[in-house]
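The next block is run_34.txt, given as compact mmCIF, C-alpha atoms.
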# COMPACT_ATOMS: atom_id res chain seq x y z
CA MET O 1 -5.39 27.76 76.50
CA HIS O 2 -5.57 26.74 80.14
CA SER O 3 -3.18 28.53 82.42
CA PRO O 4 -0.57 26.35 84.19
CA VAL O 5 -1.97 27.49 87.56
CA ILE O 6 -5.52 26.35 86.70
CA GLU O 7 -4.15 23.03 85.43
CA THR O 8 -2.21 22.57 88.68
CA VAL O 9 -5.30 23.27 90.79
CA LYS O 10 -7.30 20.71 88.81
CA LEU O 11 -4.55 18.11 89.13
CA ARG O 12 -4.35 18.66 92.89
CA GLU O 13 -8.13 18.23 93.15
CA THR O 14 -7.94 14.98 91.17
CA ALA O 15 -5.10 13.66 93.34
CA ARG O 16 -7.18 14.41 96.44
CA LYS O 17 -10.20 12.57 94.98
CA ILE O 18 -8.03 9.51 94.34
CA TYR O 19 -6.74 9.61 97.93
CA ASP O 20 -10.29 10.04 99.27
CA ALA O 21 -11.44 6.99 97.28
CA ALA O 22 -8.71 4.91 98.91
CA VAL O 23 -9.69 6.07 102.41
CA SER O 24 -13.39 5.53 101.78
CA ARG O 25 -12.83 1.93 100.68
CA ALA O 26 -11.04 1.18 103.96
CA HIS O 27 -13.64 2.72 106.28
CA PRO O 28 -15.38 0.16 108.55
CA SER O 29 -18.83 1.29 107.37
CA GLY O 30 -18.16 -0.41 104.03
CA CYS O 31 -16.36 -3.53 105.20
CA LEU O 32 -17.33 -4.46 108.77
CA PRO O 33 -21.11 -5.20 108.88
CA GLN O 34 -21.01 -8.18 106.50
CA HIS O 35 -18.35 -9.86 108.64
CA LEU O 36 -20.06 -9.51 112.04
CA PRO O 37 -20.91 -13.00 113.36
CA PRO O 38 -24.26 -14.15 114.79
CA ALA O 39 -24.64 -13.23 118.45
CA PRO O 40 -24.09 -16.04 120.98
CA ALA O 41 -27.28 -18.01 121.70
CA THR O 42 -27.02 -17.96 125.48
CA GLY O 43 -23.78 -16.35 126.60
CA ARG O 44 -22.35 -12.86 126.48
CA LEU O 45 -20.84 -10.95 123.59
CA ILE O 46 -17.59 -9.44 124.83
CA LEU O 47 -16.45 -6.76 122.39
CA LEU O 48 -12.81 -5.63 122.65
CA ALA O 49 -11.52 -2.98 120.23
CA ALA O 50 -8.17 -1.24 119.84
CA GLY O 51 -6.56 0.94 117.18
CA LYS O 52 -7.28 3.95 115.02
CA ALA O 53 -10.50 2.42 113.67
CA ALA O 54 -11.72 1.19 117.08
CA GLY O 55 -14.23 4.04 117.47
CA SER O 56 -15.95 3.55 114.13
CA MET O 57 -15.77 -0.27 114.38
CA THR O 58 -17.26 -0.33 117.88
CA ALA O 59 -20.11 2.05 117.02
CA LEU O 60 -21.03 -0.04 113.95
CA ALA O 61 -20.84 -3.37 115.82
CA GLU O 62 -22.91 -2.05 118.73
CA ALA O 63 -25.62 -0.76 116.40
CA HIS O 64 -25.67 -4.10 114.52
CA TYR O 65 -26.31 -6.17 117.64
CA LEU O 66 -28.45 -3.79 119.72
CA ASP O 67 -30.69 -2.80 116.77
CA GLY O 68 -30.97 -6.50 115.95
CA GLY O 69 -32.53 -7.17 119.34
CA PHE O 70 -29.54 -8.53 121.26
CA PRO O 71 -30.10 -7.94 125.01
CA PRO O 72 -28.00 -4.95 126.09
CA GLU O 73 -27.15 -6.59 129.40
CA ARG O 74 -25.36 -9.40 127.54
CA LEU O 75 -23.21 -6.97 125.53
CA LEU O 76 -20.11 -5.75 127.32
CA GLY O 77 -16.59 -4.80 126.45
CA HIS O 78 -14.04 -2.02 126.13
CA ALA O 79 -12.75 0.09 123.23
CA VAL O 80 -9.64 2.25 122.94
CA ALA O 81 -8.40 4.45 120.08
CA ARG O 82 -5.66 7.04 119.80
CA HIS O 83 -6.50 10.54 121.05
CA GLY O 84 -8.86 12.26 118.62
CA TYR O 85 -10.07 8.97 117.09
CA THR O 86 -12.83 7.99 119.51
CA ALA O 87 -16.49 7.83 118.44
CA PRO O 88 -19.75 8.02 120.42
CA THR O 89 -20.85 4.60 121.68
CA ARG O 90 -24.07 3.41 123.30
CA ARG O 91 -23.02 0.52 125.50
CA ILE O 92 -19.27 -0.16 125.27
CA PRO O 93 -17.00 2.24 127.19
CA MET O 94 -14.70 4.09 124.75
CA VAL O 95 -11.46 5.74 125.87
CA ALA O 96 -8.47 7.44 124.25
CA ALA O 97 -4.83 6.48 124.62
CA GLY O 98 -1.43 7.59 123.35
CA HIS O 99 -0.05 6.89 119.88
CA PRO O 100 2.63 6.30 118.74
CA VAL O 101 3.96 6.52 122.29
CA PRO O 102 1.65 4.78 124.81
CA ASP O 103 0.33 6.46 127.95
CA GLN O 104 -1.59 5.49 131.09
CA GLY O 105 -4.75 5.09 128.98
CA SER O 106 -2.92 2.35 127.04
CA ILE O 107 -2.09 0.52 130.28
CA ASP O 108 -5.61 0.81 131.71
CA SER O 109 -7.19 -0.35 128.43
CA ALA O 110 -4.97 -3.41 128.14
CA GLU O 111 -5.68 -4.40 131.73
CA ARG O 112 -9.42 -4.03 131.12
CA ALA O 113 -9.25 -6.08 127.90
CA LEU O 114 -7.26 -8.85 129.60
CA ALA O 115 -9.69 -8.95 132.55
CA LEU O 116 -12.76 -9.12 130.30
CA ALA O 117 -11.18 -11.85 128.17
CA ALA O 118 -10.26 -13.83 131.29
CA SER O 119 -13.88 -13.63 132.48
CA ALA O 120 -15.18 -15.30 129.30
CA THR O 121 -16.80 -18.73 129.48
CA ALA O 122 -17.41 -21.41 126.86
CA ASP O 123 -20.87 -19.86 126.21
CA ASP O 124 -19.45 -16.43 125.42
CA LEU O 125 -18.15 -14.94 122.16
CA VAL O 126 -15.12 -12.66 122.42
CA LEU O 127 -15.17 -10.33 119.39
CA VAL O 128 -11.91 -8.45 118.91
CA LEU O 129 -11.92 -5.48 116.50
CA LEU O 130 -8.34 -4.61 115.59
CA SER O 131 -6.70 -1.89 113.54
CA GLY O 132 -3.34 -0.18 113.20
CA GLY O 133 -2.35 1.73 116.31
CA GLY O 134 -3.60 -1.07 118.55
CA SER O 135 -0.03 -1.89 119.51
CA ALA O 136 0.36 1.46 121.28
CA ASN O 137 -3.25 1.52 122.54
CA TRP O 138 -2.98 -1.83 124.35
CA VAL O 139 0.11 -1.86 126.56
CA ALA O 140 0.58 -4.37 129.38
CA PRO O 141 4.22 -4.25 130.45
CA ALA O 142 5.60 -7.65 131.39
CA GLY O 143 7.89 -8.43 134.31
CA GLY O 144 8.98 -5.41 136.31
CA LEU O 145 8.82 -3.03 133.35
CA ALA O 146 7.31 0.39 134.16
CA LEU O 147 5.30 2.58 131.77
CA ALA O 148 8.12 5.15 131.52
CA GLU O 149 10.55 2.40 130.53
CA LYS O 150 8.10 1.02 127.95
CA GLN O 151 7.69 4.54 126.53
CA ALA O 152 11.46 4.95 126.30
CA VAL O 153 11.80 1.64 124.44
CA ASN O 154 8.98 2.64 122.08
CA LYS O 155 10.61 6.00 121.31
CA ALA O 156 13.93 4.30 120.61
CA LEU O 157 12.23 1.85 118.24
CA LEU O 158 10.43 4.66 116.40
CA ARG O 159 13.64 6.68 115.98
CA SER O 160 15.70 3.72 114.78
CA GLY O 161 14.35 3.42 111.24
CA ALA O 162 13.59 -0.27 111.94
CA PRO O 163 10.72 -1.78 109.89
CA ILE O 164 7.44 -2.17 111.78
CA GLY O 165 7.77 -5.98 111.71
CA GLU O 166 11.06 -5.85 113.58
CA MET O 167 9.69 -3.33 116.07
CA ASN O 168 6.82 -5.69 116.83
CA ILE O 169 9.12 -8.67 117.44
CA VAL O 170 10.74 -6.68 120.26
CA ARG O 171 7.44 -5.26 121.57
CA LYS O 172 5.88 -8.72 121.95
CA ARG O 173 8.62 -9.78 124.36
CA LEU O 174 7.83 -6.88 126.69
CA SER O 175 4.06 -7.40 126.86
CA ARG O 176 1.36 -9.50 128.55
CA ILE O 177 -1.19 -8.88 125.75
CA LYS O 178 0.73 -8.90 122.44
CA GLY O 179 1.92 -11.94 120.49
CA GLY O 180 -1.14 -14.13 121.11
CA ARG O 181 -1.39 -13.53 124.84
CA LEU O 182 -4.89 -12.02 124.67
CA ALA O 183 -6.06 -15.27 123.04
CA LEU O 184 -4.56 -17.20 125.95
CA ALA O 185 -6.63 -15.10 128.35
CA ALA O 186 -9.87 -15.72 126.41
CA VAL O 187 -9.80 -19.55 126.64
CA PRO O 188 -12.31 -21.35 126.70
CA ALA O 189 -14.54 -18.82 124.87
CA ARG O 190 -14.95 -18.69 121.10
CA LEU O 191 -12.71 -15.91 119.77
CA LEU O 192 -13.17 -14.01 116.50
CA THR O 193 -10.84 -11.21 115.43
CA LEU O 194 -11.88 -8.83 112.65
CA ALA O 195 -8.94 -6.70 111.56
CA ILE O 196 -8.19 -3.76 109.29
CA SER O 197 -4.66 -4.32 108.04
CA ASP O 198 -2.10 -1.54 107.94
CA VAL O 199 0.96 -3.73 107.44
CA PRO O 200 2.87 -4.89 104.35
CA GLY O 201 1.78 -8.39 103.35
CA ASP O 202 -1.25 -8.21 105.69
CA GLU O 203 0.59 -10.38 108.20
CA PRO O 204 -1.83 -11.06 111.11
CA THR O 205 1.02 -11.29 113.63
CA ALA O 206 2.03 -7.70 112.77
CA ILE O 207 -1.40 -6.00 113.01
CA ALA O 208 -1.44 -4.38 116.48
CA SER O 209 1.38 -6.82 117.35
CA GLY O 210 -0.91 -9.85 116.95
CA PRO O 211 -2.62 -10.10 120.36
CA THR O 212 -4.94 -12.92 119.22
CA VAL O 213 -2.74 -14.96 116.86
CA ALA O 214 0.11 -17.42 117.32
CA ASP O 215 3.55 -15.82 117.17
CA PRO O 216 6.19 -17.67 115.12
CA THR O 217 8.98 -15.23 116.06
CA THR O 218 11.32 -15.86 118.96
CA THR O 219 13.00 -14.09 121.83
CA ALA O 220 16.35 -14.90 120.20
CA GLU O 221 15.26 -12.91 117.11
CA ALA O 222 14.32 -9.97 119.34
CA ARG O 223 17.82 -10.00 120.87
CA VAL O 224 19.37 -9.91 117.39
CA ILE O 225 17.23 -6.89 116.43
CA VAL O 226 18.17 -5.07 119.66
CA ALA O 227 21.86 -5.69 118.92
CA ARG O 228 21.54 -4.65 115.24
CA TYR O 229 20.13 -1.22 116.08
CA GLY O 230 22.16 -0.77 119.25
CA PHE O 231 19.13 -0.23 121.51
CA ASP O 232 20.04 0.65 125.08
CA LEU O 233 17.30 -1.26 126.91
CA PRO O 234 16.38 -0.79 130.58
CA PRO O 235 17.54 -3.70 132.80
CA ASP O 236 13.97 -5.04 133.22
CA ALA O 237 13.46 -5.11 129.44
CA ARG O 238 16.77 -6.87 128.89
CA ALA O 239 15.84 -9.42 131.56
CA LEU O 240 12.64 -10.23 129.65
CA LEU O 241 14.60 -10.80 126.43
CA ASP O 242 17.04 -13.06 128.30
CA ASP O 243 14.30 -15.14 129.99
CA PRO O 244 13.61 -18.41 128.07
CA ALA O 245 10.29 -18.73 129.91
CA ASN O 246 9.12 -15.40 128.43
CA GLU O 247 8.12 -16.89 125.07
CA THR O 248 4.91 -16.23 123.15
CA PRO O 249 2.42 -19.02 122.22
CA LYS O 250 3.39 -20.67 118.94
CA PRO O 251 1.35 -22.08 116.01
CA GLY O 252 -0.44 -25.27 117.10
CA HIS O 253 -0.98 -24.04 120.66
CA PRO O 254 -4.39 -25.24 121.96
CA ALA O 255 -5.39 -21.64 122.80
CA PHE O 256 -6.03 -21.05 119.08
CA ALA O 257 -8.23 -24.12 118.51
CA ASN O 258 -11.45 -22.10 118.98
CA SER O 259 -10.16 -18.88 117.42
CA GLU O 260 -10.56 -17.29 113.99
CA PHE O 261 -8.75 -14.28 112.49
CA ARG O 262 -10.23 -12.43 109.51
CA ILE O 263 -8.89 -9.37 107.66
CA ILE O 264 -11.80 -7.22 106.45
CA ALA O 265 -9.87 -4.38 104.76
CA ARG O 266 -6.30 -4.20 103.54
CA PRO O 267 -3.98 -1.75 101.80
CA ALA O 268 -4.52 -3.57 98.47
CA ASP O 269 -8.26 -2.83 98.70
CA ALA O 270 -7.62 0.89 99.20
CA LEU O 271 -5.12 0.95 96.35
CA ALA O 272 -7.64 -0.81 94.07
CA ALA O 273 -10.15 1.95 94.85
CA ALA O 274 -7.48 4.56 94.08
CA ARG O 275 -6.72 2.78 90.81
CA ALA O 276 -10.41 2.80 89.81
CA ALA O 277 -10.65 6.54 90.58
CA ALA O 278 -7.49 7.29 88.56
CA GLU O 279 -8.70 5.23 85.59
CA ALA O 280 -12.09 6.97 85.75
CA ALA O 281 -10.22 10.27 85.47
CA GLY O 282 -8.56 9.00 82.28
CA TYR O 283 -5.11 8.02 83.55
CA GLU O 284 -2.99 5.05 82.56
CA VAL O 285 -2.20 3.59 85.99
CA HIS O 286 1.24 2.40 87.07
CA ASP O 287 0.47 0.49 90.26
CA LEU O 288 3.61 -0.05 92.34
CA GLY O 289 1.70 -2.13 94.86
CA PRO O 290 0.40 -1.78 98.42
CA ASP O 291 3.58 -2.91 100.19
CA VAL O 292 6.26 -0.38 99.20
CA GLU O 293 8.84 -0.05 101.97
CA GLY O 294 12.13 1.80 102.34
CA GLU O 295 13.62 5.13 103.40
CA ALA O 296 11.13 7.85 102.37
CA ARG O 297 13.65 10.08 100.58
CA GLU O 298 15.17 7.17 98.63
CA VAL O 299 11.76 5.86 97.51
CA ALA O 300 10.82 9.41 96.44
CA ALA O 301 13.92 9.70 94.27
CA GLY O 302 13.02 6.47 92.47
CA HIS O 303 9.42 7.57 91.94
CA ALA O 304 10.55 10.95 90.57
CA GLU O 305 12.75 9.17 88.03
CA LEU O 306 9.80 7.00 86.91
CA ALA O 307 7.52 10.06 86.64
CA ARG O 308 10.05 11.91 84.48
CA ARG O 309 10.44 8.89 82.18
CA LEU O 310 6.67 8.54 81.71
CA LYS O 311 6.43 12.25 80.93
CA ARG O 312 9.22 11.99 78.34
CA GLU O 313 7.30 9.12 76.74
CA GLY O 314 4.23 11.35 76.49
CA ARG O 315 2.09 9.20 78.81
CA ARG O 316 -0.87 10.63 80.71
CA ALA O 317 -0.22 8.48 83.74
CA ALA O 318 -0.89 8.01 87.44
CA ILE O 319 1.75 6.36 89.63
CA LEU O 320 0.09 4.81 92.68
CA SER O 321 1.65 3.13 95.68
CA GLY O 322 0.89 2.09 99.24
CA GLY O 323 2.95 0.63 102.04
CA GLU O 324 4.81 2.20 104.92
CA LEU O 325 7.99 4.20 104.45
CA THR O 326 10.53 4.87 107.17
CA VAL O 327 12.38 8.01 108.23
CA THR O 328 15.73 7.89 109.98
CA LEU O 329 15.74 10.99 112.16
CA ARG O 330 18.88 13.08 111.85
CA GLY O 331 17.44 16.54 112.44
CA SER O 332 15.14 18.14 114.98
CA GLY O 333 12.28 19.28 112.74
CA ARG O 334 8.66 18.12 112.51
CA GLY O 335 7.43 15.66 109.94
CA GLY O 336 6.45 12.13 109.03
CA PRO O 337 7.14 9.60 106.28
CA ASN O 338 4.55 11.00 103.84
CA GLN O 339 5.68 14.60 104.24
CA GLU O 340 9.36 13.63 104.01
CA TYR O 341 8.60 11.63 100.86
CA ALA O 342 6.77 14.65 99.39
CA LEU O 343 9.65 17.01 100.18
CA ALA O 344 12.24 14.64 98.69
CA LEU O 345 9.99 14.16 95.65
CA ALA O 346 9.68 17.94 95.15
CA ILE O 347 13.48 18.28 95.24
CA ALA O 348 13.97 15.38 92.80
CA LEU O 349 11.31 16.67 90.36
CA SER O 350 12.85 20.15 90.51
CA GLY O 351 9.72 21.96 89.27
CA GLU O 352 9.08 19.60 86.34
CA PRO O 353 5.92 20.97 84.59
CA GLY O 354 2.84 18.77 84.42
CA ILE O 355 3.57 16.59 87.47
CA VAL O 356 1.51 16.85 90.67
CA ALA O 357 1.71 14.53 93.65
CA LEU O 358 0.00 13.81 96.94
CA SER O 359 1.33 11.56 99.68
CA GLY O 360 -0.88 10.87 102.69
CA ASP O 361 -1.51 8.40 105.49
CA THR O 362 -5.01 6.91 105.21
CA ASP O 363 -5.54 7.37 108.97
CA GLY O 364 -5.43 11.15 108.53
CA THR O 365 -2.22 11.82 110.48
CA ASP O 366 1.40 11.34 109.44
CA GLY O 367 4.06 11.03 112.12
CA GLY O 368 4.32 14.33 113.93
CA GLY O 369 3.73 14.67 117.64
CA GLY O 370 1.03 12.04 117.89
CA GLU O 371 -1.75 14.65 117.87
CA ALA O 372 -5.04 14.18 116.01
CA THR O 373 -4.38 17.61 114.46
CA ASP O 374 -1.15 16.43 112.77
CA PRO O 375 -1.27 16.60 108.95
CA ALA O 376 -1.75 13.40 106.92
CA GLY O 377 0.81 14.34 104.30
CA ALA O 378 1.44 16.97 101.64
CA PHE O 379 0.95 18.08 98.03
CA VAL O 380 3.73 18.69 95.50
CA ASP O 381 3.30 20.63 92.25
CA PRO O 382 5.52 22.29 89.62
CA GLN O 383 5.49 25.57 91.59
CA THR O 384 6.48 24.05 94.97
CA LEU O 385 10.18 24.94 94.84
CA ALA O 386 9.62 28.36 93.23
CA ARG O 387 7.09 29.34 95.89
CA ALA O 388 9.49 28.10 98.59
CA ALA O 389 12.31 30.25 97.15
CA GLU O 390 10.05 33.32 97.19
CA ILE O 391 9.62 33.06 100.95
CA GLY O 392 13.23 32.10 101.67
CA LEU O 393 12.73 28.39 102.30
CA ASP O 394 15.61 26.03 101.49
CA PRO O 395 14.12 22.58 100.72
CA ALA O 396 17.47 20.78 101.10
CA ARG O 397 17.98 22.32 104.54
CA SER O 398 14.41 21.40 105.57
CA LEU O 399 15.00 17.81 104.44
CA ALA O 400 18.32 17.60 106.31
CA ASP O 401 16.53 18.77 109.47
CA ASN O 402 13.59 16.33 108.91
CA ASP O 403 11.37 19.44 108.91
CA SER O 404 8.93 18.55 106.14
CA THR O 405 5.95 19.80 108.19
CA GLY O 406 7.52 23.24 108.59
CA PHE O 407 8.30 23.39 104.87
CA PHE O 408 4.83 22.48 103.59
CA GLU O 409 3.05 24.40 106.36
CA ALA O 410 4.73 27.62 105.18
CA LEU O 411 3.52 26.91 101.63
CA GLY O 412 -0.04 25.96 102.68
CA ASP O 413 0.48 22.57 101.04
CA LEU O 414 -0.20 20.20 103.94
CA LEU O 415 -2.89 17.53 103.48
CA ARG O 416 -5.26 17.83 106.46
CA PRO O 417 -8.28 15.50 106.23
CA GLY O 418 -8.39 15.06 110.02
CA PRO O 419 -8.87 11.66 111.69
CA THR O 420 -10.46 9.27 109.17
CA LEU O 421 -11.27 6.56 111.79
CA THR O 422 -9.61 3.89 109.67
CA ASN O 423 -6.04 2.96 108.74
CA VAL O 424 -4.64 0.90 105.85
CA ASN O 425 -1.27 2.61 105.59
CA ASP O 426 -0.15 5.22 103.10
CA CYS O 427 -1.51 6.28 99.71
CA ARG O 428 0.82 8.01 97.28
CA VAL O 429 -0.45 9.52 94.01
CA ILE O 430 1.68 11.06 91.25
CA LEU O 431 -0.23 12.47 88.26
CA ILE O 432 1.60 13.13 84.98
CA GLU O 433 0.20 15.39 82.24
CA PRO O 434 2.59 15.33 79.24
Target encoding structure tokens, full file:
Amino acid sequence: MHSPVIETVKLRETARKIYDAAVSRAHPSGCLPQHLPPAPATGRLILLAAGKAAGSMTALAEAHYLDGGFPPERLLGHAVARHGYTAPTRRIPMVAAGHPVPDQGSIDSAERALALAASATADDLVLVLLSGGGSANWVAPAGGLALAEKQAVNKALLRSGAPIGEMNIVRKRLSRIKGGRLALAAVPARLLTLAISDVPGDEPTAIASGPTVADPTTTAEARVIVARYGFDLPPDARALLDDPANETPKPGHPAFANSEFRIIARPADALAAARAAAEAAGYEVHDLGPDVEGEAREVAAGHAELARRLKREGRRAAILSGGELTVTLRGSGRGGPNQEYALALAIALSGEPGIVALSGDTDGTDGGGGEATDPAGAFVDPQTLARAAEIGLDPARSLADNDSTGFFEALGDLLRPGPTLTNVNDCRVILIEP
């Protein structure tokens, strides 16, 4: 007879292996090299990178071209990643900037990217390497907007519970780089964007707020979103939303005639790798898809119900899902969507034997204070609530205060892979042993 504790440890290890398989599939080392284009015959290669994978993408691209004999003096560019996500580079300057709230590094990086793009000629190739987080890493406030005002708007958006797509519609109106405006700057050069998607539906306009693609959304839509969530915008931001001349370039604009956008890794790819790992471990997989959205605690309740049903049916199953959940902040605790999901799941499962779960962001950090040391998510097992009770933790109170980090930290159940240097959204794994 195996003891329940040993079984739980094994299940947690298996859940972690499934998560690691998802992350590994999304890392640039496995998906970027085959998409790198031939170097320009006579002009310069201008490499611009932003986002959580910018460090790993830049290092790989540099090595590809320099080791292939491309003249170093014709390779230039700029790369920016969130703090803690940079990587050593040989030729391209690499800096860190704030995420999810931008900082001065975000401003400087956007200005540098815009200037380099504007310097490009018809002989040059502008290679843009994009990943999630790029929206906060490249910030070029439009009009008279100041950084502090942009930060305040960003914080309000993040606290609102608005889906990322709606946040981006507003962000594009307040920027000189988002919503296709970097592509405008790069004319007449050839422009190729290679992107790692972290958004539901892999919508190019949503990845890093679409700096190199046409933007079909409108300023009128942004005003509706602002009204719906009751955002109190600074006067300069409101002026930008009210200015009919402040519109992004639309599909069919000549700026995109010499431009290509290619997604090289997506949440579905990571989830497929997770599925393969779960099947190899002998589980019947219930794949809920890579684009699950909704309030973290509500999604968790639904997943707990499904897990209980599969257990009652005697199925040895793995429930897998990706996507990006939201958290509406009501308390003052620490946490993130994956940890809040895990806490709500633990409450809903109520110590059900034979069910172990892991919920983690594939970038290695989940919400929190924007530090590279933030946890990626958390583990849940049949002993979670009992162990919490032993040390005087009230899970319902922690959930009400949005303090999932504090809850799982006290139990030693945080998932801490550290920065993974990629990002294809979240990976949730529930393992059921009948």
Checklist entry - Nearest to Asp103 in chain O: which of O:Ile207, O:Val80, O:Ile196, O:Ala61 is it, counting all atoms listed in the file? => result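 Closest candidate: O:Val80.
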Checklist entry - Which residues, written as a ChimeraX atom specification, have at least one atom at most 12 Å from Thr365 in chain O, with all atoms listed in the file counted and residues fewer than 5 positions away on the same chain left out? => result /O:52,82-85,99-100,133,335-339,359-360,370-378,405,414-423,425-426
Next on the checklist: Please list as a PyMOL selection string every residue within 7 Å of range 43-50 of chain O, counting all atoms listed in the file and excluding residues in the same chain fewer than 2 positions away.
Outcome noted: chain O and resi 39-41+54+58+74-81+113+123-131+134+137-138
Per-residue nearest contacts of range 324-375 of chain O to range 262-279 of chain O (12 Å; only C-alpha atoms) as a Markdown table:
| residue | atom | partner | partner_atom | distance |
| --- | --- | --- | --- | --- |
| O:Glu324 | CA | O:Pro267 | CA | 10.1 |
| O:Asp361 | CA | O:Pro267 | CA | 11.1 |
| O:Thr362 | CA | O:Ala270 | CA | 8.9 |
| O:Asp363 | CA | O:Pro267 | CA | 11.7 |
Next on the checklist: I'd like the contact shell of Ile164 in chain O - 12 Å cut-off, all atoms listed in the file, skipping same-chain residues fewer than 5 positions apart - returned as a ChimeraX atom specification.
Outcome noted: /O:100,132-133,135,154,157-159,169-171,198-201,203,205-209,225,293-294,323-327,425
